[in-house]
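Peer 1: Handing you this structure, nothing more for now.
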Amino acid sequence: MLDKSQLLNYKKRYKFQTFFDHKKISSYDIVFILGYMKILKKDFLKKNKYPLVIHESNLPKGRGFAPMQWQILEGKNKITSCLINIDENADTGKIILKRNILLKGDELNNEIRKKQTIASLRLMNDFLKKFPKITFKAQKGNPSFLRKRTYKDSMIDLNKNLKSQFNLLRICDNEKYPAFFKYKNKKYILKIFKENI
């Protein structure tokens with residue numbers, strides 16, 4: 001299984017640095033933007049040769065927010081992860097590489113995140129292995145856009161059975177956005193864990 005340390009196999013060919021503020025990044029050949037929610041403006045894009053982002057949908061379908069979570073809610077267990085170049089509009093860049101994330105359907109949020117991370121690391125690894133022999137393909141088809149999820153999206157409906165809402169329970173973050181329900185004007189928090197056997 002690939003982990004972050006395996007990217008260091010390229011340390012003789014590349015110099016790596018980690019940043020948490022895009023304003024500090026300038027004049028780099030390759031920039032992987034991971035889990036960064038701020039809008040990157042034109043001047044940033046011009047300062048770096050290959051600003052890249054990973055998006056978990058089969059673009060142009062599913063542009064926008066939380067694509068993994070929305071697709072799991074639809075019952076999907078095969079999710080495409082795309083490495084694209086960043087342009088001025090959200091998730092509209094050209095596609096460089098794709099990988100599939102395969103789910104069994106019983107993973108909880110932390111396991112889903114782990115599979116997502118592994119797919120991202122593999123896409124970065126694939127890119128570094130092929131670079132500079134890479135191709136850019138324009139997105140084709142009709143786009144769709146996913147809205148940002150809020151804490152309200154984690155609400156369980158007491159009038160529906162638990163099985164029909166299992167995918168919602170799976171994607172809820174026990175700490176940041178736990179599942180909850182309201183009953184008799186009170187809010188009740190639900191946290192879900194797998195039994196350790």
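Lettering and numbering for the structure tokens are positional, with chains as A, B, ... in the shown order, residues counted from 1 in each chain, and ligands counted from 1 in the shown order.
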If we count only C-alpha atoms, what is near region 96-109 of chain A at a cut-off of 7 Å, once residues fewer than 2 positions away on the same chain are taken out, given as a list in words?
Peer 2: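 Selected residues are Asn77, Lys78, Ile79, Thr80, Ser81, Cys82, Leu83, Ile84, Lys94, Glu111, Ile112, Arg113, Lys115, Gln116, Ala119, Leu123, Thr135, Phe136, Lys137, Arg170, Ile171, Cys172 and Asp173 of chain A.
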Peer 1: Going by DSSP on the backbone, which residues of region 123-192 of chain A come out as strand (DSSP E)? List them as a count of residues only.
Peer 2: 12
Peer 1: Pick out the closest residue to Arg13 (chain A) from this set: A:Arg147, A:Asn196, A:Leu73, A:Lys129. Count only C-alpha atoms.
Peer 2: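 Answer, going by the shortest atom-to-atom distance: A:Lys129.
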Peer 1: Between A:Phe19, A:Asn110, A:Ile118, A:Pro143, which one has atoms that come closest to Leu169 (chain A), using only C-alpha atoms?
Peer 2: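 Ranked by minimum distance to Leu169 (chain A), first place goes to A:Asn110.
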Peer 1: Considering only C-alpha atoms, tabulate each residue of region 56-172 of chain A that lies at most 9 Å from region 180-188 of chain A along with its nearest interatomic pair and the corresponding distance in Å to one decimal; arrange the rows by chain and ascending residue number and present them as JSON lines.
Peer 2:
{"residue": "A:Lys152", "atom": "CA", "partner": "A:Phe180", "partner_atom": "CA", "distance": 8.8}
{"residue": "A:Ser154", "atom": "CA", "partner": "A:Phe180", "partner_atom": "CA", "distance": 6.4}
{"residue": "A:Met155", "atom": "CA", "partner": "A:Phe180", "partner_atom": "CA", "distance": 5.0}
{"residue": "A:Ile156", "atom": "CA", "partner": "A:Phe181", "partner_atom": "CA", "distance": 5.1}
{"residue": "A:Asp157", "atom": "CA", "partner": "A:Phe181", "partner_atom": "CA", "distance": 6.7}
{"residue": "A:Leu158", "atom": "CA", "partner": "A:Phe181", "partner_atom": "CA", "distance": 7.1}
Peer 1: Output C-alpha atoms for every residue in that selection, as an mmCIF file, in the first residue's frame.
Peer 2:
data_model
loop_
_atom_site.group_PDB
_atom_site.id
_atom_site.type_symbol
_atom_site.label_atom_id
_atom_site.label_comp_id
_atom_site.auth_asym_id
_atom_site.auth_seq_id
_atom_site.Cartn_x
_atom_site.Cartn_y
_atom_site.Cartn_z
ATOM 1 C CA LYS A 152 -27.863 20.250 8.638
ATOM 2 C CA SER A 154 -26.151 15.208 8.816
ATOM 3 C CA MET A 155 -29.712 15.097 10.176
ATOM 4 C CA ILE A 156 -31.308 11.659 10.448
ATOM 5 C CA ASP A 157 -34.997 11.367 9.623
ATOM 6 C CA LEU A 158 -36.789 9.506 12.434
#
Peer 1: Determine, counting only C-alpha atoms, which protein, DNA and RNA residues have an atom within 10 Å of an atom of Leu52 (chain A); residues of the same chain fewer than 6 positions away are not included. Present the result as a ChimeraX atom specification.
Peer 2: /A:30-34,45,83-87,93-96,124
Peer 1: What are the DSSP alpha helix (DSSP H) residues of region 2-176 of chain A, as a ChimeraX atom specification?
Peer 2: /A:42-47,67-73,109-130,166-171
Peer 1: Using only C-alpha atoms, can you tell me which of A:Lys38, A:Lys61, A:Lys130, A:Lys76 comes closest to Asn167 (chain A)?
Peer 2: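 Going through A:Lys38, A:Lys61, A:Lys130, A:Lys76 one by one, the smallest distance to Asn167 (chain A) is for A:Lys76.
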Peer 1: Do you have the CA of Lys47 (chain A)-CA of Ala138 (chain A) distance handy?
Peer 2: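 Calculated distance between CA of Lys47 (chain A) and CA of Ala138 (chain A) is 22.2 Å.
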Peer 1: By how many Å are CA of Pro132 (chain A) and CA of Gln17 (chain A) apart?
Peer 2: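 Atom-to-atom, CA of Pro132 (chain A) and CA of Gln17 (chain A) are spaced 19.4 Å apart.
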Peer 1: Write out as a PyMOL selection string which residues come within 12 Å of Ile39 (chain A) when counting only C-alpha atoms, dropping same-chain ones fewer than 3 positions away.
Peer 2: chain A and resi 21-23+33+35-36+42-45+86-91
